[in-house]
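Engineer: Supplied in C-alpha cells, the structure appears directly below.
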Amino acid sequence: MKLFLKIWRQNNSKAKGEIVKYEIDEISPDMSFLEMLDVLNEKLIDEGNDPVAFDHDCREGICGSCSLFINGRAHGPDRGITTCQLHMRKFKDGDTITIEPFRANSFPIIKDLVVDRTSFDRIQQSGGYISINTSGNTQDANAIPIEKYDADRAFDAATCIGCGACVASCKNASAMLFVSAKVSQYSLLPQGKVEATDRVRSMVKQMDLEGFGNCTNTGACEVECPKGISLENIARMNREYLSTLLKN
Ligand code: SF4
Ligand code: FES
C-alpha cells in the first residue's frame with residue numbers, strides 16, 4: 001500500500017508545532033500501525049532526518065503508552081483496541097492518514113506525538129491504593145468472600161490501562177472516566193472500603209489540581225475507551241464523592 005501521512009511535529013511543549021506531510025510505500029496490510037511508523041522512521045533516519053517521536057511499550061494493548069489520535073479518533077478507527085493493536089488492513093491503498101498526539105492542557109507535548117501523562121500518575125499516587133500489612137502475614141485476598149456482581153464490576157474497572165484516550169476524546173478534556181475507574185476498582189471491594197472516603201476526596205482534588213475538565217455526560221470517553229470502561233463508574237464516583245460531603 002502507498003499512504004500519505006500528515007503527522008504533527010513539535011520539538012517540545014513551548015515550540016510551535018505543525019502538520020508535516022510524508023509519503024510511504026510498500027506497507028503491508030498485515031503490519032501494525034506502529035510497525036508502519038517504524039518503517040517511516042527507518043526511512044527518515046536513512047535520509048538523515050529526525051524520526052517521529054511516538055510512545056509505545058508493550059505493543060499488546062496492556063500498558064496504555066501508545067497514545068495516538070488517528071484521523072480524528074483516539075486509538076484510530078477501530079472500537080475496543082489500542083493504537084498498537086490497530087492494523088494497516090483497516091486502511092486502503094492511497095489513503096491519507098492524519099496522526100496527532102492526545103491533546104489536553106494536562107497532557108503537555110514532550111515531542112511530536114509523545115505527551116506527558118504524569119498527571120495520571122499523580123492522581124493515582126494521591127489515593128489509588130489500599131494500605132495492607134505486608135510484613136509476611138498478609139491475608140489471602142481470596143479468603144474474603146465477595147459477591148460475583150461486585151467482583152465483576154471491580155475487575156471491569158481495573159482493566160483501565162491509563163492510556164488517556166478518554167481525556168483526548170472529551171471536549172472538556174475530562175479525566176473522570178479514568179479517575180472513576182481507579183476509584184471503583186477499590187470501592188467495590190471490602191479491602192478498598194476502609195480508605196474509600198479519603199481516596200475519592202484525594203483523587204478528585206488531584207484531578208482538579210491537574211486542570212482536567214468536568215464531565216458533561218457526552219459519553220465520547222466511553223465510546224473511545226479501548227477497554228470499554230463504563231460511564232457507570234463516573235456515576236459511582238459522583239455518588240461516593242457526594243456521600244463524603246455528609247461526613248466530616
Ligand atoms: S478509562 Fe479507558 S480511555 Fe480512559 S485511561 Fe482508562 S483505559 Fe484509557
Ligand atoms: S504499546 Fe502498550 S498498549 Fe499500546
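In the C-alpha cells, the first chain shown is A, the next is B, and so on; residue numbers restart at 1 for each chain, and ligands run from 1 in the order shown.
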Please list as an MDAnalysis selection string every residue within 12 Å of A:Arg236, counting only C-alpha atoms and excluding residues in the same chain fewer than 3 positions away.

Structural biologist: chainID A and resid 153:154 157 176:177 179:188 200 230:233 239:243

Engineer: I'd like the neighbourhood of stretch 27-36 of chain A as number ranges by chain, where a residue qualifies if any of its atoms comes within 6 Å (using only C-alpha atoms), though same-chain residues fewer than 3 positions away should be ignored.

Structural biologist: A: 1, 39, 84, 86-89

Engineer: Return as a ChimeraX atom specification the residues of protein, DNA or RNA that approach ligand 2 to within 9 Å, with only C-alpha atoms and all ligand atoms taken into account.

Structural biologist: /A:34,55-67,81-85,161,163

Engineer: Could the residues that lie within 7 Å of ligand 1, counting only C-alpha atoms and all ligand atoms, be listed as a PyMOL selection string?

Structural biologist: chain A and resi 64+159-167+177-178+181+221+224-229

Engineer: With N, CA, C and O atoms retained, write the just-selected residues as a JSON list (two decimals), in the first residue's frame.

Structural biologist:
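Done, and the output landed in out-v4.json:
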[["chain", "number", "residue", "atom", "x", "y", "z"],
["A", 64, "GLY", "N", -0.86, 0.93, 27.82],
["A", 64, "GLY", "CA", -1.51, 2.23, 27.64],
["A", 64, "GLY", "C", -0.59, 3.33, 27.13],
["A", 64, "GLY", "O", -0.96, 4.50, 27.15],
["A", 159, "THR", "N", -9.55, -2.91, 34.53],
["A", 159, "THR", "CA", -8.92, -3.11, 33.22],
["A", 159, "THR", "C", -8.48, -1.79, 32.58],
["A", 159, "THR", "O", -7.84, -1.81, 31.52],
["A", 160, "CYS", "N", -8.80, -0.66, 33.20],
["A", 160, "CYS", "CA", -8.33, 0.64, 32.69],
["A", 160, "CYS", "C", -6.80, 0.63, 32.64],
["A", 160, "CYS", "O", -6.15, 0.31, 33.63],
["A", 161, "ILE", "N", -6.25, 0.97, 31.48],
["A", 161, "ILE", "CA", -4.79, 0.93, 31.32],
["A", 161, "ILE", "C", -4.16, 2.33, 31.40],
["A", 161, "ILE", "O", -2.97, 2.49, 31.10],
["A", 162, "GLY", "N", -4.97, 3.32, 31.76],
["A", 162, "GLY", "CA", -4.41, 4.67, 31.94],
["A", 162, "GLY", "C", -3.86, 5.30, 30.67],
["A", 162, "GLY", "O", -2.89, 6.07, 30.71],
["A", 163, "CYS", "N", -4.50, 5.00, 29.55],
["A", 163, "CYS", "CA", -3.96, 5.50, 28.27],
["A", 163, "CYS", "C", -4.25, 6.97, 28.04],
["A", 163, "CYS", "O", -3.49, 7.68, 27.38],
["A", 164, "GLY", "N", -5.39, 7.45, 28.54],
["A", 164, "GLY", "CA", -5.75, 8.85, 28.35],
["A", 164, "GLY", "C", -6.64, 9.12, 27.15],
["A", 164, "GLY", "O", -6.93, 10.28, 26.83],
["A", 165, "ALA", "N", -7.09, 8.06, 26.47],
["A", 165, "ALA", "CA", -7.98, 8.27, 25.31],
["A", 165, "ALA", "C", -9.26, 8.97, 25.73],
["A", 165, "ALA", "O", -9.84, 9.74, 24.96],
["A", 166, "CYS", "N", -9.72, 8.69, 26.95],
["A", 166, "CYS", "CA", -10.94, 9.33, 27.45],
["A", 166, "CYS", "C", -10.76, 10.84, 27.52],
["A", 166, "CYS", "O", -11.65, 11.60, 27.13],
["A", 167, "VAL", "N", -9.60, 11.28, 27.98],
["A", 167, "VAL", "CA", -9.31, 12.72, 28.08],
["A", 167, "VAL", "C", -9.22, 13.32, 26.68],
["A", 167, "VAL", "O", -9.81, 14.37, 26.39],
["A", 177, "LEU", "N", -13.54, 9.53, 33.55],
["A", 177, "LEU", "CA", -13.68, 8.10, 33.31],
["A", 177, "LEU", "C", -12.48, 7.36, 33.92],
["A", 177, "LEU", "O", -12.64, 6.34, 34.60],
["A", 178, "PHE", "N", -11.30, 7.90, 33.68],
["A", 178, "PHE", "CA", -10.08, 7.29, 34.25],
["A", 178, "PHE", "C", -10.15, 7.27, 35.78],
["A", 178, "PHE", "O", -9.97, 6.24, 36.41],
["A", 181, "ALA", "N", -12.70, 4.94, 37.24],
["A", 181, "ALA", "CA", -12.31, 3.52, 37.15],
["A", 181, "ALA", "C", -11.37, 3.18, 38.29],
["A", 181, "ALA", "O", -11.49, 2.13, 38.93],
["A", 221, "CYS", "N", -15.93, 9.52, 25.88],
["A", 221, "CYS", "CA", -14.88, 8.76, 26.57],
["A", 221, "CYS", "C", -15.20, 7.27, 26.54],
["A", 221, "CYS", "O", -14.34, 6.43, 26.24],
["A", 224, "GLU", "N", -14.73, 5.75, 23.03],
["A", 224, "GLU", "CA", -13.35, 5.62, 22.54],
["A", 224, "GLU", "C", -12.43, 4.84, 23.47],
["A", 224, "GLU", "O", -11.31, 4.53, 23.11],
["A", 225, "CYS", "N", -12.91, 4.52, 24.67],
["A", 225, "CYS", "CA", -12.06, 3.79, 25.62],
["A", 225, "CYS", "C", -11.73, 2.40, 25.06],
["A", 225, "CYS", "O", -12.64, 1.62, 24.76],
["A", 226, "PRO", "N", -10.45, 2.06, 24.94],
["A", 226, "PRO", "CA", -10.11, 0.74, 24.39],
["A", 226, "PRO", "C", -10.49, -0.42, 25.29],
["A", 226, "PRO", "O", -10.52, -1.57, 24.84],
["A", 227, "LYS", "N", -10.78, -0.14, 26.55],
["A", 227, "LYS", "CA", -11.11, -1.22, 27.49],
["A", 227, "LYS", "C", -12.59, -1.23, 27.86],
["A", 227, "LYS", "O", -13.00, -1.95, 28.78],
["A", 228, "GLY", "N", -13.39, -0.41, 27.20],
["A", 228, "GLY", "CA", -14.83, -0.44, 27.44],
["A", 228, "GLY", "C", -15.22, -0.03, 28.85],
["A", 228, "GLY", "O", -16.23, -0.52, 29.39],
["A", 229, "ILE", "N", -14.44, 0.86, 29.45],
["A", 229, "ILE", "CA", -14.79, 1.33, 30.81],
["A", 229, "ILE", "C", -16.12, 2.09, 30.73],
["A", 229, "ILE", "O", -16.31, 2.97, 29.90]]

Engineer: Give the alpha helix (DSSP H) residues of stretch 59-217 of chain A, as assigned by DSSP on the backbone, as a tab-separated table (two decimals) with N, CA and C atoms, in the first residue's frame.

Structural biologist:
chain	number	residue	atom	x	y	z
A	118	THR	N	2.06	12.27	33.23
A	118	THR	CA	2.36	12.06	34.65
A	118	THR	C	1.27	12.63	35.55
A	119	SER	N	0.38	13.47	34.98
A	119	SER	CA	-0.77	13.93	35.77
A	119	SER	C	-1.59	12.71	36.23
A	120	PHE	N	-1.70	11.70	35.39
A	120	PHE	CA	-2.41	10.48	35.77
A	120	PHE	C	-1.68	9.78	36.93
A	121	ASP	N	-0.35	9.77	36.86
A	121	ASP	CA	0.42	9.12	37.93
A	121	ASP	C	0.16	9.83	39.26
A	122	ARG	N	0.13	11.16	39.20
A	122	ARG	CA	-0.07	11.92	40.46
A	122	ARG	C	-1.48	11.68	41.02
A	123	ILE	N	-2.46	11.51	40.14
A	123	ILE	CA	-3.82	11.18	40.62
A	123	ILE	C	-3.80	9.81	41.29
A	124	GLN	N	-3.14	8.86	40.66
A	124	GLN	CA	-3.03	7.51	41.24
A	124	GLN	C	-2.35	7.55	42.61
A	125	GLN	N	-1.24	8.30	42.65
A	125	GLN	CA	-0.47	8.37	43.91
A	125	GLN	C	-1.27	9.02	45.03
A	126	SER	N	-2.24	9.87	44.66
A	126	SER	CA	-3.00	10.58	45.70
A	126	SER	C	-4.00	9.67	46.42
A	127	GLY	N	-4.32	8.50	45.85
A	127	GLY	CA	-5.29	7.65	46.56
A	127	GLY	C	-5.55	6.30	45.92
A	148	LYS	N	-20.33	-11.96	43.37
A	148	LYS	CA	-19.86	-12.04	41.98
A	148	LYS	C	-20.12	-10.72	41.24
A	149	TYR	N	-21.29	-10.12	41.48
A	149	TYR	CA	-21.63	-8.87	40.79
A	149	TYR	C	-20.57	-7.80	41.08
A	150	ASP	N	-20.20	-7.66	42.36
A	150	ASP	CA	-19.22	-6.64	42.74
A	150	ASP	C	-17.83	-6.99	42.21
A	151	ALA	N	-17.49	-8.28	42.29
A	151	ALA	CA	-16.17	-8.71	41.81
A	151	ALA	C	-16.03	-8.42	40.32
A	152	ASP	N	-17.08	-8.70	39.56
A	152	ASP	CA	-17.03	-8.44	38.10
A	152	ASP	C	-16.91	-6.95	37.81
A	153	ARG	N	-17.68	-6.12	38.54
A	153	ARG	CA	-17.61	-4.67	38.30
A	153	ARG	C	-16.23	-4.13	38.68
A	154	ALA	N	-15.68	-4.63	39.77
A	154	ALA	CA	-14.34	-4.18	40.20
A	154	ALA	C	-13.30	-4.59	39.16
A	155	PHE	N	-13.44	-5.82	38.66
A	155	PHE	CA	-12.48	-6.30	37.65
A	155	PHE	C	-12.58	-5.46	36.38
A	156	ASP	N	-13.82	-5.21	35.95
A	156	ASP	CA	-14.01	-4.39	34.74
A	156	ASP	C	-13.33	-3.03	34.90
A	157	ALA	N	-13.52	-2.40	36.07
A	157	ALA	CA	-12.91	-1.09	36.31
A	157	ALA	C	-11.39	-1.19	36.30
A	158	ALA	N	-10.88	-2.31	36.82
A	158	ALA	CA	-9.43	-2.47	36.93
A	158	ALA	C	-8.76	-2.70	35.58
A	165	ALA	N	-7.09	8.06	26.47
A	165	ALA	CA	-7.98	8.27	25.31
A	165	ALA	C	-9.26	8.97	25.73
A	166	CYS	N	-9.72	8.69	26.95
A	166	CYS	CA	-10.94	9.33	27.45
A	166	CYS	C	-10.76	10.84	27.52
A	167	VAL	N	-9.60	11.28	27.98
A	167	VAL	CA	-9.31	12.72	28.08
A	167	VAL	C	-9.22	13.32	26.68
A	168	ALA	N	-8.50	12.64	25.80
A	168	ALA	CA	-8.27	13.16	24.44
A	168	ALA	C	-9.57	13.25	23.64
A	169	SER	N	-10.53	12.37	23.95
A	169	SER	CA	-11.79	12.35	23.20
A	169	SER	C	-12.82	13.34	23.75
A	176	MET	N	-12.57	12.13	34.12
A	176	MET	CA	-13.45	11.45	35.08
A	176	MET	C	-13.63	9.96	34.80
A	177	LEU	N	-13.54	9.53	33.55
A	177	LEU	CA	-13.68	8.10	33.31
A	177	LEU	C	-12.48	7.36	33.92
A	178	PHE	N	-11.30	7.90	33.68
A	178	PHE	CA	-10.08	7.29	34.25
A	178	PHE	C	-10.15	7.27	35.78
A	179	VAL	N	-10.41	8.44	36.38
A	179	VAL	CA	-10.39	8.53	37.85
A	179	VAL	C	-11.48	7.65	38.45
A	180	SER	N	-12.64	7.64	37.81
A	180	SER	CA	-13.74	6.83	38.37
A	180	SER	C	-13.44	5.34	38.27
A	181	ALA	N	-12.70	4.94	37.24
A	181	ALA	CA	-12.31	3.52	37.15
A	181	ALA	C	-11.37	3.18	38.29
A	182	LYS	N	-10.43	4.09	38.57
A	182	LYS	CA	-9.45	3.83	39.63
A	182	LYS	C	-10.11	3.86	41.01
A	183	VAL	N	-11.12	4.72	41.17
A	183	VAL	CA	-11.87	4.74	42.44
A	183	VAL	C	-12.69	3.46	42.57
A	184	SER	N	-13.37	3.08	41.48
A	184	SER	CA	-14.30	1.94	41.53
A	184	SER	C	-13.59	0.61	41.78
A	185	GLN	N	-12.40	0.46	41.21
A	185	GLN	CA	-11.75	-0.85	41.33
A	185	GLN	C	-11.47	-1.21	42.78
A	186	TYR	N	-11.41	-0.17	43.65
A	186	TYR	CA	-11.23	-0.43	45.08
A	186	TYR	C	-12.54	-0.35	45.84
A	187	SER	N	-13.36	0.65	45.50
A	187	SER	CA	-14.52	0.92	46.35
A	187	SER	C	-15.54	-0.21	46.32
A	190	PRO	N	-14.24	-5.16	49.59
A	190	PRO	CA	-14.11	-4.88	51.03
A	190	PRO	C	-12.75	-4.29	51.39
A	191	GLN	N	-11.70	-4.73	50.71
A	191	GLN	CA	-10.35	-4.22	51.04
A	191	GLN	C	-10.25	-2.71	50.77
A	192	GLY	N	-11.05	-2.22	49.83
A	192	GLY	CA	-10.96	-0.81	49.45
A	192	GLY	C	-11.86	0.11	50.23
A	193	LYS	N	-12.79	-0.50	51.00
A	193	LYS	CA	-13.79	0.33	51.67
A	193	LYS	C	-13.19	1.12	52.84
A	196	ALA	N	-12.00	4.44	51.60
A	196	ALA	CA	-12.81	4.92	50.47
A	196	ALA	C	-13.05	6.43	50.52
A	197	THR	N	-13.33	6.95	51.70
A	197	THR	CA	-13.65	8.38	51.81
A	197	THR	C	-12.45	9.24	51.43
A	198	ASP	N	-11.30	8.94	52.05
A	198	ASP	CA	-10.10	9.72	51.75
A	198	ASP	C	-9.70	9.55	50.28
A	199	ARG	N	-9.90	8.34	49.77
A	199	ARG	CA	-9.47	8.07	48.39
A	199	ARG	C	-10.21	8.96	47.40
A	200	VAL	N	-11.53	8.94	47.47
A	200	VAL	CA	-12.29	9.68	46.46
A	200	VAL	C	-12.05	11.18	46.62
A	201	ARG	N	-11.94	11.65	47.87
A	201	ARG	CA	-11.66	13.08	48.07
A	201	ARG	C	-10.30	13.45	47.47
A	202	SER	N	-9.28	12.66	47.78
A	202	SER	CA	-7.92	12.99	47.33
A	202	SER	C	-7.79	12.91	45.82
A	203	MET	N	-8.39	11.87	45.24
A	203	MET	CA	-8.21	11.70	43.80
A	203	MET	C	-8.95	12.78	43.01
A	204	VAL	N	-10.15	13.14	43.48
A	204	VAL	CA	-10.90	14.20	42.80
A	204	VAL	C	-10.17	15.53	42.97
A	205	LYS	N	-9.63	15.77	44.17
A	205	LYS	CA	-8.88	17.02	44.41
A	205	LYS	C	-7.68	17.10	43.46
A	206	GLN	N	-6.93	15.99	43.36
A	206	GLN	CA	-5.75	16.00	42.49
A	206	GLN	C	-6.14	16.15	41.02
A	207	MET	N	-7.24	15.49	40.64
A	207	MET	CA	-7.74	15.63	39.25
A	207	MET	C	-8.00	17.11	38.94
A	208	ASP	N	-8.62	17.81	39.88
A	208	ASP	CA	-8.92	19.23	39.67
A	208	ASP	C	-7.63	20.06	39.63
A	209	LEU	N	-6.68	19.73	40.55
A	209	LEU	CA	-5.42	20.47	40.57
A	209	LEU	C	-4.66	20.32	39.26

Engineer: Could you find all residues in stretch 56-211 of chain A that DSSP calls strand (DSSP E or B) from the backbone, and write them as number ranges by chain?

Structural biologist: A: 68-70, 73-74, 87, 96-101, 109-111, 114-115, 174

Engineer: Just the selected residues (N, CA and C atoms), exported as an mmCIF file, in the first residue's frame, please.

Structural biologist:
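Final output, saved to result-v9.cif:
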data_model
loop_
_atom_site.group_PDB
_atom_site.id
_atom_site.type_symbol
_atom_site.label_atom_id
_atom_site.label_comp_id
_atom_site.auth_asym_id
_atom_site.auth_seq_id
_atom_site.Cartn_x
_atom_site.Cartn_y
_atom_site.Cartn_z
ATOM 1 N N LEU A 68 -2.089 7.730 20.283
ATOM 2 C CA LEU A 68 -2.167 8.465 19.020
ATOM 3 C C LEU A 68 -3.614 8.778 18.650
ATOM 4 N N PHE A 69 -3.780 9.974 18.129
ATOM 5 C CA PHE A 69 -5.088 10.411 17.620
ATOM 6 C C PHE A 69 -5.015 10.222 16.107
ATOM 7 N N ILE A 70 -5.769 9.282 15.577
ATOM 8 C CA ILE A 70 -5.618 8.891 14.172
ATOM 9 C C ILE A 70 -6.900 9.231 13.419
ATOM 10 N N ARG A 73 -9.605 10.329 15.753
ATOM 11 C CA ARG A 73 -10.119 9.453 16.811
ATOM 12 C C ARG A 73 -8.976 8.884 17.653
ATOM 13 N N ALA A 74 -9.193 8.881 18.963
ATOM 14 C CA ALA A 74 -8.191 8.313 19.854
ATOM 15 C C ALA A 74 -8.048 6.823 19.562
ATOM 16 N N HIS A 87 -4.324 -2.465 12.865
ATOM 17 C CA HIS A 87 -3.549 -2.990 11.735
ATOM 18 C C HIS A 87 -3.829 -2.199 10.461
ATOM 19 N N THR A 96 -5.069 8.907 2.959
ATOM 20 C CA THR A 96 -4.337 9.918 3.733
ATOM 21 C C THR A 96 -4.675 9.678 5.208
ATOM 22 N N ILE A 97 -3.647 9.596 6.037
ATOM 23 C CA ILE A 97 -3.867 9.348 7.472
ATOM 24 C C ILE A 97 -3.277 10.512 8.266
ATOM 25 N N THR A 98 -4.110 11.128 9.089
ATOM 26 C CA THR A 98 -3.648 12.236 9.931
ATOM 27 C C THR A 98 -3.364 11.701 11.337
ATOM 28 N N ILE A 99 -2.162 11.960 11.819
ATOM 29 C CA ILE A 99 -1.750 11.408 13.122
ATOM 30 C C ILE A 99 -1.342 12.562 14.048
ATOM 31 N N GLU A 100 -2.048 12.650 15.162
ATOM 32 C CA GLU A 100 -1.791 13.730 16.133
ATOM 33 C C GLU A 100 -1.610 13.132 17.528
ATOM 34 N N PRO A 101 -1.034 13.919 18.445
ATOM 35 C CA PRO A 101 -0.928 13.428 19.833
ATOM 36 C C PRO A 101 -2.273 13.535 20.546
ATOM 37 N N ILE A 109 2.800 18.419 25.472
ATOM 38 C CA ILE A 109 3.579 17.657 24.485
ATOM 39 C C ILE A 109 5.052 17.647 24.886
ATOM 40 N N ILE A 110 5.629 16.460 24.876
ATOM 41 C CA ILE A 110 7.070 16.323 25.138
ATOM 42 C C ILE A 110 7.815 16.479 23.810
ATOM 43 N N LYS A 111 7.388 15.722 22.819
ATOM 44 C CA LYS A 111 7.935 15.862 21.457
ATOM 45 C C LYS A 111 7.002 15.146 20.484
ATOM 46 N N VAL A 114 4.431 12.424 21.437
ATOM 47 C CA VAL A 114 4.596 11.957 22.824
ATOM 48 C C VAL A 114 4.092 13.036 23.782
ATOM 49 N N VAL A 115 3.158 12.660 24.652
ATOM 50 C CA VAL A 115 2.652 13.623 25.636
ATOM 51 C C VAL A 115 3.003 13.168 27.048
ATOM 52 N N SER A 174 -11.876 16.015 30.159
ATOM 53 C CA SER A 174 -12.169 15.497 31.496
ATOM 54 C C SER A 174 -11.483 14.147 31.703
#

Engineer: Go through A:Asp95, A:Glu47, A:Asp112, A:Phe107 and flag the residue nearest A:Lys16, using only C-alpha atoms for the distances.

Structural biologist: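 Checking each of A:Asp95, A:Glu47, A:Asp112, A:Phe107 against A:Lys16, counting only C-alpha atoms, the winner is A:Asp112.
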
Engineer: State, in Å with one decimal place, the distance from atom CA of A:Ala143 to atom CA of A:Ile130.

Structural biologist: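 It comes out at 16.9 Å.
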
Engineer: Considering only C-alpha atoms, state which residue in the set A:Phe54, A:Tyr129, A:Trp8, A:Ala141 is at the smallest distance from A:Val194.

Structural biologist: A:Tyr129

Engineer: Rounded to one decimal in Å, what is the spacing between atom CA of A:Lys171 and atom CA of A:Glu18?

Structural biologist: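 It comes out at 21.4 Å.
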
Engineer: So the first atom is atom CA of A:Leu245 and the second is atom CA of A:Asn172; what is the distance between them in Å, to one decimal place?

Structural biologist: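 Taking atom CA of A:Leu245 as the start and atom CA of A:Asn172 as the end point, the length is 24.7 Å.
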